[in-house]
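*Asks:* One file is attached below, run.txt, containing compact mmCIF, C-alpha atoms and all ligand atoms.
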# COMPACT_ATOMS: atom_id res chain seq x y z
CA MET F 1 53.78 254.71 188.23
CA THR F 2 50.47 252.91 188.47
CA GLY F 3 51.30 250.25 191.08
CA PRO F 4 49.14 249.43 194.14
CA GLU F 5 49.89 252.69 196.05
CA ASN F 6 49.16 255.12 193.22
CA ARG F 7 46.15 253.13 192.06
CA LEU F 8 44.62 253.51 195.52
CA ASP F 9 44.89 257.31 195.31
CA ALA F 10 43.34 257.31 191.83
CA LEU F 11 40.65 254.92 193.01
CA ARG F 12 39.64 257.23 195.88
CA ASP F 13 39.06 260.01 193.32
CA GLU F 14 36.85 257.62 191.35
CA LEU F 15 34.92 256.69 194.49
CA THR F 16 34.23 260.35 195.18
CA ARG F 17 32.90 260.73 191.63
CA ALA F 18 30.71 257.64 192.14
CA GLY F 19 29.31 259.04 195.40
CA VAL F 20 30.54 256.29 197.73
CA ASP F 21 32.78 256.36 200.80
CA ALA F 22 34.46 252.99 200.32
CA LEU F 23 34.73 250.03 197.93
CA TRP F 24 34.56 246.31 198.66
CA VAL F 25 36.80 244.77 195.99
CA SER F 26 36.04 241.15 195.10
CA ASP F 27 37.25 240.78 191.50
CA PRO F 28 40.50 238.75 191.70
CA ALA F 29 42.42 240.79 189.11
CA ASN F 30 41.38 244.00 190.90
CA VAL F 31 42.39 242.55 194.27
CA ARG F 32 45.81 241.79 192.84
CA ALA F 33 46.15 245.17 191.14
CA LEU F 34 45.41 247.02 194.40
CA SER F 35 47.29 244.79 196.82
CA GLY F 36 50.01 242.92 194.91
CA PHE F 37 48.70 239.66 196.48
CA THR F 38 49.27 236.87 193.93
CA SER F 39 46.51 234.51 195.16
CA PRO F 40 43.75 237.08 194.69
CA ALA F 41 40.94 234.57 194.19
CA ASP F 42 41.28 233.97 197.95
CA GLY F 43 41.42 237.64 198.88
CA LYS F 44 39.29 240.78 199.11
CA VAL F 45 40.29 244.41 199.58
CA LEU F 46 38.34 247.09 201.43
CA VAL F 47 39.33 250.58 200.27
CA THR F 48 38.18 253.47 202.47
CA ARG F 49 39.06 257.17 202.59
CA GLN F 50 41.64 256.52 205.30
CA GLY F 51 43.26 253.28 204.11
CA ALA F 52 42.92 249.87 202.56
CA THR F 53 42.90 246.41 204.09
CA LEU F 54 43.61 243.07 202.45
CA TYR F 55 41.47 240.22 203.74
CA THR F 56 42.55 236.64 203.25
CA ASP F 57 42.85 233.47 205.30
CA ALA F 58 45.59 231.71 207.26
CA ARG F 59 46.91 229.77 204.28
CA TYR F 60 48.44 233.03 203.11
CA THR F 61 49.77 234.61 206.34
CA VAL F 62 53.40 234.43 205.20
CA GLN F 63 52.63 235.14 201.54
CA VAL F 64 50.80 238.40 202.19
CA GLU F 65 53.67 239.67 204.33
CA GLN F 66 56.02 239.01 201.42
CA GLU F 67 53.80 240.41 198.69
CA SER F 68 51.50 243.16 199.88
CA PRO F 69 52.19 246.63 201.24
CA LEU F 70 48.63 246.72 202.61
CA PRO F 71 47.76 245.83 206.19
CA ALA F 72 46.20 242.38 206.16
CA PHE F 73 43.48 240.87 208.33
CA ILE F 74 43.68 237.09 208.37
CA ALA F 75 40.28 235.49 208.88
CA ARG F 76 37.42 233.87 207.02
CA PRO F 77 33.89 235.24 206.76
CA PRO F 78 31.94 236.10 208.86
CA ALA F 79 34.93 237.24 210.99
CA THR F 80 36.19 239.17 207.94
CA TYR F 81 32.97 241.18 207.68
CA ASP F 82 32.81 241.68 211.46
CA HIS F 83 36.30 243.20 211.40
CA ALA F 84 35.29 245.74 208.74
CA ALA F 85 31.81 246.55 210.11
CA PRO F 86 32.54 249.20 212.81
CA GLY F 87 34.39 251.51 210.40
CA LEU F 88 31.63 251.30 207.78
CA GLU F 89 28.59 252.11 209.96
CA GLY F 90 26.37 254.68 208.19
CA LEU F 91 28.53 254.83 205.03
CA ARG F 92 27.81 254.23 201.37
CA VAL F 93 30.00 251.28 200.32
CA GLY F 94 30.42 250.32 196.69
CA PHE F 95 30.67 246.72 195.60
CA GLU F 96 31.74 245.25 192.25
CA ALA F 97 28.47 244.34 190.57
CA ASP F 98 30.29 242.49 187.79
CA SER F 99 32.01 240.04 190.14
CA LEU F 100 30.23 239.79 193.51
CA THR F 101 27.83 236.87 193.53
CA VAL F 102 24.24 237.23 194.74
CA ALA F 103 25.19 235.10 197.75
CA GLY F 104 28.18 237.34 198.43
CA LEU F 105 25.94 240.41 198.36
CA GLU F 106 23.43 238.77 200.71
CA ASP F 107 26.27 238.01 203.14
CA LEU F 108 27.42 241.66 203.10
CA GLN F 109 23.84 242.89 203.61
CA ALA F 110 23.45 240.58 206.61
CA ALA F 111 26.83 241.50 208.11
CA TRP F 112 26.58 245.28 207.57
CA PRO F 113 22.94 246.26 208.29
CA GLY F 114 23.90 249.92 208.82
CA VAL F 115 25.65 250.22 205.46
CA THR F 116 24.19 251.33 202.13
CA LEU F 117 25.62 248.99 199.51
CA VAL F 118 25.97 250.56 196.06
CA PRO F 119 26.57 248.52 192.87
CA LEU F 120 29.45 249.84 190.78
CA ARG F 121 30.86 248.57 187.48
CA GLY F 122 34.36 248.60 186.07
CA VAL F 123 35.85 251.22 188.40
CA VAL F 124 39.15 249.44 189.10
CA GLN F 125 39.16 247.90 185.60
CA GLY F 126 39.27 251.43 184.16
CA LEU F 127 42.33 252.25 186.25
CA ARG F 128 44.05 249.04 185.12
CA ALA F 129 43.81 249.94 181.42
CA VAL F 130 47.00 252.05 181.60
CA LYS F 131 49.89 249.88 182.70
CA SER F 132 52.75 250.82 185.00
CA PRO F 133 56.34 250.49 183.71
CA GLU F 134 56.70 247.31 185.79
CA GLU F 135 53.54 245.85 184.29
CA ILE F 136 54.75 246.70 180.79
CA ARG F 137 58.01 244.93 181.58
CA GLN F 138 56.11 241.83 182.71
CA ILE F 139 53.80 241.70 179.69
CA ARG F 140 56.75 242.30 177.38
CA ALA F 141 58.52 239.32 179.00
CA ALA F 142 55.42 237.13 178.61
CA GLN F 143 55.16 238.03 174.93
CA ALA F 144 58.91 237.47 174.34
CA LEU F 145 58.51 233.98 175.76
CA ALA F 146 55.46 233.32 173.59
CA ASP F 147 57.40 234.47 170.52
CA ARG F 148 60.28 232.16 171.37
CA VAL F 149 57.96 229.19 171.85
CA PHE F 150 56.04 229.92 168.65
CA GLY F 151 59.33 230.07 166.73
CA GLU F 152 60.32 226.66 168.10
CA VAL F 153 56.95 225.11 167.33
CA ARG F 154 56.32 226.62 163.88
CA PRO F 155 58.44 223.98 162.05
CA LEU F 156 56.40 221.24 163.75
CA ILE F 157 53.13 222.45 162.17
CA ARG F 158 52.96 220.18 159.13
CA ALA F 159 50.78 217.58 157.46
CA GLY F 160 50.29 214.46 159.58
CA VAL F 161 50.43 216.02 163.07
CA THR F 162 47.29 216.70 165.06
CA GLU F 163 46.19 220.06 166.41
CA GLN F 164 46.64 218.62 169.90
CA ASP F 165 50.26 217.71 169.08
CA VAL F 166 50.87 221.38 168.27
CA ALA F 167 49.13 222.59 171.44
CA TYR F 168 51.09 220.09 173.55
CA GLU F 169 54.39 221.36 172.16
CA ILE F 170 53.41 224.94 172.96
CA GLU F 171 52.11 224.23 176.45
CA SER F 172 55.01 222.01 177.52
CA ARG F 173 57.55 224.62 176.42
CA LEU F 174 55.71 227.36 178.30
CA LEU F 175 55.63 225.24 181.45
CA ARG F 176 59.31 224.37 181.16
CA ALA F 177 60.07 228.09 180.94
CA GLY F 178 58.25 228.76 184.24
CA ALA F 179 55.09 230.13 182.66
CA GLU F 180 51.75 228.61 181.75
CA SER F 181 49.32 228.96 178.91
CA ALA F 182 47.34 232.20 179.13
CA PHE F 183 44.19 230.38 177.93
CA GLY F 184 43.15 227.15 176.23
CA ILE F 185 45.40 227.09 173.16
CA ILE F 186 43.55 227.58 169.89
CA VAL F 187 44.81 225.44 167.01
CA ALA F 188 42.18 225.42 164.26
CA SER F 189 43.16 223.78 160.98
CA GLY F 190 41.41 223.35 157.64
CA PRO F 191 37.62 223.77 157.94
CA ARG F 192 37.99 224.09 161.74
CA GLY F 193 39.58 227.46 161.03
CA ALA F 194 36.02 228.75 160.70
CA LEU F 195 35.76 228.42 164.51
CA PRO F 196 37.25 231.64 165.98
CA HIS F 197 37.87 229.81 169.25
CA GLY F 198 38.54 226.33 167.87
CA HIS F 199 40.52 224.77 170.71
CA ALA F 200 43.05 222.16 169.62
CA SER F 201 41.33 218.92 168.61
CA GLY F 202 42.49 215.50 167.40
CA ARG F 203 42.15 216.59 163.76
CA VAL F 204 45.15 215.64 161.64
CA ILE F 205 46.55 218.64 159.77
CA GLU F 206 46.50 218.15 156.00
CA ASP F 207 48.40 219.49 153.03
CA GLY F 208 46.68 222.69 151.82
CA ASP F 209 45.38 223.68 155.26
CA LEU F 210 45.60 227.06 156.86
CA VAL F 211 46.22 226.61 160.59
CA THR F 212 45.28 229.33 163.07
CA VAL F 213 47.32 229.26 166.28
CA ASP F 214 46.18 231.64 169.03
CA MET F 215 48.40 231.42 172.09
CA GLY F 216 49.69 233.38 175.04
CA ALA F 217 51.94 233.02 178.06
CA ARG F 218 50.96 233.82 181.62
CA LEU F 219 54.11 234.81 183.44
CA ASP F 220 53.96 236.02 187.05
CA GLY F 221 50.24 236.68 186.59
CA TYR F 222 50.56 238.80 183.44
CA HIS F 223 49.36 237.63 180.03
CA SER F 224 50.36 237.87 176.42
CA ASP F 225 48.13 237.17 173.42
CA MET F 226 49.07 236.57 169.78
CA THR F 227 47.64 234.75 166.75
CA ARG F 228 49.32 233.58 163.61
CA THR F 229 47.70 231.75 160.71
CA VAL F 230 50.18 229.59 158.83
CA ALA F 231 50.00 227.60 155.61
CA VAL F 232 50.75 223.90 155.30
CA GLY F 233 51.57 222.95 151.72
CA ASN F 234 49.64 224.90 149.11
CA PRO F 235 46.31 226.37 150.26
CA SER F 236 43.65 227.17 147.66
CA GLU F 237 43.52 230.56 145.95
CA GLU F 238 40.34 231.41 147.90
CA LEU F 239 42.07 230.78 151.25
CA ARG F 240 45.03 232.89 150.09
CA ARG F 241 42.67 235.71 149.13
CA ILE F 242 41.08 235.67 152.58
CA TYR F 243 44.51 235.56 154.21
CA ARG F 244 45.70 238.60 152.26
CA ALA F 245 42.54 240.54 153.11
CA VAL F 246 42.95 239.85 156.84
CA ARG F 247 46.61 240.74 156.64
CA GLU F 248 45.79 244.03 154.96
CA ALA F 249 43.16 244.83 157.61
CA GLU F 250 45.55 243.95 160.40
CA GLY F 251 48.37 246.06 159.01
CA ALA F 252 46.11 249.07 158.53
CA ALA F 253 44.68 248.86 162.05
CA VAL F 254 48.14 248.43 163.59
CA ALA F 255 49.38 251.47 161.67
CA ALA F 256 46.49 253.55 163.07
CA VAL F 257 47.27 252.82 166.74
CA LYS F 258 48.31 255.95 168.63
CA PRO F 259 47.17 257.99 171.64
CA GLY F 260 43.89 259.85 171.18
CA VAL F 261 42.43 257.38 168.69
CA ARG F 262 38.95 256.12 169.53
CA ALA F 263 38.82 252.35 169.90
CA ALA F 264 35.63 252.28 167.85
CA ASP F 265 37.39 254.06 164.98
CA LEU F 266 40.19 251.47 164.99
CA ASP F 267 37.62 248.70 164.74
CA ALA F 268 36.09 250.53 161.78
CA VAL F 269 39.45 250.67 159.97
CA ALA F 270 39.79 246.88 159.92
CA ARG F 271 36.07 246.23 159.38
CA GLY F 272 35.97 248.61 156.44
CA ILE F 273 38.82 246.80 154.67
CA LEU F 274 37.32 243.38 155.25
CA THR F 275 33.92 244.62 154.11
CA ALA F 276 35.50 245.92 150.89
CA HIS F 277 36.83 242.39 150.32
CA GLY F 278 33.33 240.94 150.87
CA LEU F 279 34.34 239.62 154.30
CA GLY F 280 32.51 242.03 156.61
CA GLU F 281 30.05 239.39 157.81
CA ALA F 282 32.91 236.91 158.24
CA PHE F 283 34.65 239.16 160.78
CA ALA F 284 32.66 237.76 163.68
CA HIS F 285 34.21 239.50 166.68
CA SER F 286 35.73 242.74 167.87
CA LEU F 287 39.06 244.10 166.65
CA GLY F 288 40.86 243.64 169.95
CA HIS F 289 41.12 244.24 173.66
CA GLY F 290 43.44 245.25 176.46
CA VAL F 291 45.73 242.62 177.97
CA GLY F 292 47.24 242.50 181.46
CA LEU F 293 46.24 240.65 184.63
CA GLU F 294 43.42 239.27 182.47
CA VAL F 295 43.54 238.21 178.83
CA HIS F 296 40.54 240.37 178.04
CA GLU F 297 40.42 243.71 179.79
CA ARG F 298 39.89 247.40 179.05
CA PRO F 299 40.12 249.02 176.62
CA GLY F 300 37.66 247.18 174.38
CA LEU F 301 38.40 247.73 170.69
CA ARG F 302 34.89 247.28 169.37
CA SER F 303 32.36 249.36 167.47
CA THR F 304 30.38 250.20 170.62
CA SER F 305 33.40 251.10 172.75
CA GLU F 306 33.80 254.59 174.20
CA ASP F 307 37.44 253.97 175.12
CA VAL F 308 40.15 256.23 173.72
CA LEU F 309 43.74 255.00 173.47
CA GLU F 310 46.29 256.39 175.95
CA PRO F 311 50.04 255.87 176.32
CA GLY F 312 50.72 252.83 178.49
CA MET F 313 47.75 250.80 177.26
CA ILE F 314 48.55 247.35 175.91
CA VAL F 315 46.09 246.12 173.28
CA THR F 316 45.63 243.42 170.70
CA ILE F 317 44.80 244.06 167.06
CA GLU F 318 43.23 240.88 165.71
CA PRO F 319 40.93 240.97 162.72
CA GLY F 320 39.75 237.64 161.39
CA ALA F 321 37.53 236.11 158.75
CA TYR F 322 35.67 232.83 159.25
CA VAL F 323 33.91 231.00 156.43
CA PRO F 324 31.88 227.92 157.44
CA GLY F 325 32.85 224.82 155.46
CA LEU F 326 36.02 226.43 154.13
CA GLY F 327 38.18 227.70 156.99
CA GLY F 328 39.39 230.91 158.50
CA VAL F 329 42.19 233.33 159.21
CA ARG F 330 43.10 235.49 162.22
CA ILE F 331 46.21 237.57 162.62
CA GLU F 332 46.81 239.15 166.02
CA ASP F 333 49.56 241.38 167.31
CA LEU F 334 50.10 242.74 170.81
CA LEU F 335 50.85 246.47 170.93
CA LEU F 336 51.99 248.99 173.50
CA VAL F 337 50.52 252.46 172.96
CA THR F 338 53.42 254.92 173.28
CA GLU F 339 53.54 258.73 173.54
CA ASP F 340 53.98 259.10 169.79
CA GLY F 341 52.36 256.00 168.37
CA HIS F 342 52.86 252.36 169.25
CA GLU F 343 55.35 249.54 169.63
CA VAL F 344 54.50 246.07 168.37
CA LEU F 345 55.45 243.72 171.21
CA SER F 346 54.73 240.49 169.32
CA ARG F 347 57.67 239.73 167.07
CA SER F 348 56.73 236.42 165.41
CA PRO F 349 56.85 236.84 161.63
CA ILE F 350 53.57 237.25 159.76
CA GLU F 351 53.93 235.00 156.75
CA GLU F 352 53.38 236.09 153.13
CA LEU F 353 50.86 234.00 151.21
C1 LIG T 1 39.19 232.91 175.71
S1 LIG T 1 40.68 233.79 175.61
C2 LIG T 1 40.89 233.90 173.84
C3 LIG T 1 41.91 234.87 173.50
C4 LIG T 1 41.89 235.15 172.03
N1 LIG T 1 43.20 235.57 171.60
C5 LIG T 1 40.95 236.28 171.72
O1 LIG T 1 41.08 237.34 172.28
N2 LIG T 1 40.03 236.08 170.80
C6 LIG T 1 39.15 237.14 170.33
C7 LIG T 1 38.55 236.73 169.03
C8 LIG T 1 38.08 237.46 171.34
O2 LIG T 1 37.66 236.59 172.09
N3 LIG T 1 37.63 238.71 171.38
C9 LIG T 1 36.64 239.18 172.30
C10 LIG T 1 37.19 240.37 173.08
C11 LIG T 1 35.37 239.59 171.60
O3 LIG T 1 35.38 239.90 170.42
O4 LIG T 1 34.35 239.65 172.30
Output the file's structure as structure tokens, nothing else.

*Replies:*
Amino acid sequence: MTGPENRLDALRDELTRAGVDALWVSDPANVRALSGFTSPADGKVLVTRQGATLYTDARYTVQVEQESPLPAFIARPPATYDHAAPGLEGLRVGFEADSLTVAGLEDLQAAWPGVTLVPLRGVVQGLRAVKSPEEIRQIRAAQALADRVFGEVRPLIRAGVTEQDVAYEIESRLLRAGAESAFGIIVASGPRGALPHGHASGRVIEDGDLVTVDMGARLDGYHSDMTRTVAVGNPSEELRRIYRAVREAEGAAVAAVKPGVRAADLDAVARGILTAHGLGEAFAHSLGHGVGLEVHERPGLRSTSEDVLEPGMIVTIEPGAYVPGLGGVRIEDLLLVTEDGHEVLSRSPIEEL
């Protein structure tokens, strides 16, 4: 299990490797992963050799008792820093260089003059890449909800409705189900399909359009992520050709997902197929990413990634092709890496074109 308790043990090993005695955790997703506290933007965690303390303020006194196994100190800075200071005197304390603001660092330097502050990157993020069984259950539930909502909304995607109409139908159903949208819903129709992140606009969907819908649910803090590109009426032969190429690339990359595979090699599988179809330049982003407490997290499935897939990782596979003035296609599935391969968590049908 990779819940808060076990993650703390693994984190201490990482801190030893990094040459620090403690870590000041400020990244909200990391605070939640280590403490279980579900309002992590208003919390910090100090992890030392001997223990870990959750710091938050009096708005959350009851909530932290309900949610976190860690001892909590309820205060606001500078009292927070003063509480931690005596135990840190003379130590090397890591901080999260990718989330702590310059002002936050200045405050720590002022509050802990006897401490050597050491910038660290991605230490807790690396531990979050492999999900616990409970996290897998939560992400699976988020994706099941997203699949249900997409199935309800698919018949509503037709000529005459706007992209915003589609997004509204998705978002309202997610809210009614006790979830929320994982990110600004992407509905990109016709020529707007050339925008990989074309958030729903007032454009009226027309006969012959391809419509890319990229959506996810956030349920109890965990995300899902899935994209389908659907046809309205009869798209042109060129759009169908692009669709089939992306579908081929997606299927091949999905089939290659298993433990031990290098993320960069997976990216190359999809990119190679799209390049063979003359669409290499049109594939304007990475193949995919991990999903969990954040929509985008480790592992990164890109050509420069050094990540290697492990059982328990949850990743997207999402090749796309974007042609300015014409439109675009993206097909994205959410996968769990298993001991002997993978399980596709996203169940919405991928249409034939
Ligand atoms: C702003 S959240 C958008 C989520 C969307 N499903 C998504 O992941 N889109 C990808 C094209 C993307 O943004 N990929 C990133 C990791 C990239 O290539 O840098």

*Asks:* Pull the neighbourhood of (45.1, 241.1, 199.4) for me: all residues within 7 Å in file coordinates, counting all atoms listed in the file, as a list in words.

*Replies:*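 Residues lying no farther than 7 Å from the given point: Val31, Arg32, Ser35, Gly36, Phe37, Pro40, Gly43, Lys44, Val45, Leu54, Tyr55, Thr56, Val64, Ser68 and Ala72 of chain F.
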
*Asks:* Can I get the selected residues back with C-alpha atoms, as a tab-separated table (two decimals), in the frame of the given file?

*Replies:*
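Written out: part-v8.tsv:
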chain	number	residue	atom	x	y	z
F	31	VAL	CA	42.39	242.55	194.27
F	32	ARG	CA	45.81	241.79	192.84
F	35	SER	CA	47.29	244.79	196.82
F	36	GLY	CA	50.01	242.92	194.91
F	37	PHE	CA	48.70	239.66	196.48
F	40	PRO	CA	43.75	237.08	194.69
F	43	GLY	CA	41.42	237.64	198.88
F	44	LYS	CA	39.29	240.78	199.11
F	45	VAL	CA	40.29	244.41	199.58
F	54	LEU	CA	43.61	243.07	202.45
F	55	TYR	CA	41.47	240.22	203.74
F	56	THR	CA	42.55	236.64	203.25
F	64	VAL	CA	50.80	238.40	202.19
F	68	SER	CA	51.50	243.16	199.88
F	72	ALA	CA	46.20	242.38	206.16

*Asks:* For CA of Phe183 (chain F) and atom O4 of ligand LIG 1 (chain T), determine how far apart the two atoms are, in Å to one decimal place.

*Replies:*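 Result for CA of Phe183 (chain F) versus atom O4 of ligand LIG 1 (chain T): 14.6 Å, one decimal.
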
*Asks:* How many Å separate CA of Gly312 (chain F) from CA of Thr338 (chain F)?

*Replies:*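 Computed distance, CA of Gly312 (chain F) to CA of Thr338 (chain F), equals 6.2 Å.
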
*Asks:* Please determine, counting all atoms listed in the file, which residue among F:Leu23, F:Ile331, F:Ile314, F:Leu239 has the shortest atom-to-atom distance to Thr212 (chain F).

*Replies:*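 Closest candidate: F:Ile331.
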
*Asks:* If you count all atoms listed in the file, which residues end up within 9 Å of ligand LIG 1 (chain T), as a PyMOL selection string?

*Replies:* chain F and resi 182-186+196-197+214-216+224-227+284-290+295-297+300-302+316+318-320+330+332

*Asks:* Between CA of Ile157 (chain F) and CA of Arg203 (chain F), what is the spacing in Å?

*Replies:*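 Separating CA of Arg203 (chain F) from CA of Ile157 (chain F) is a distance of 12.5 Å.
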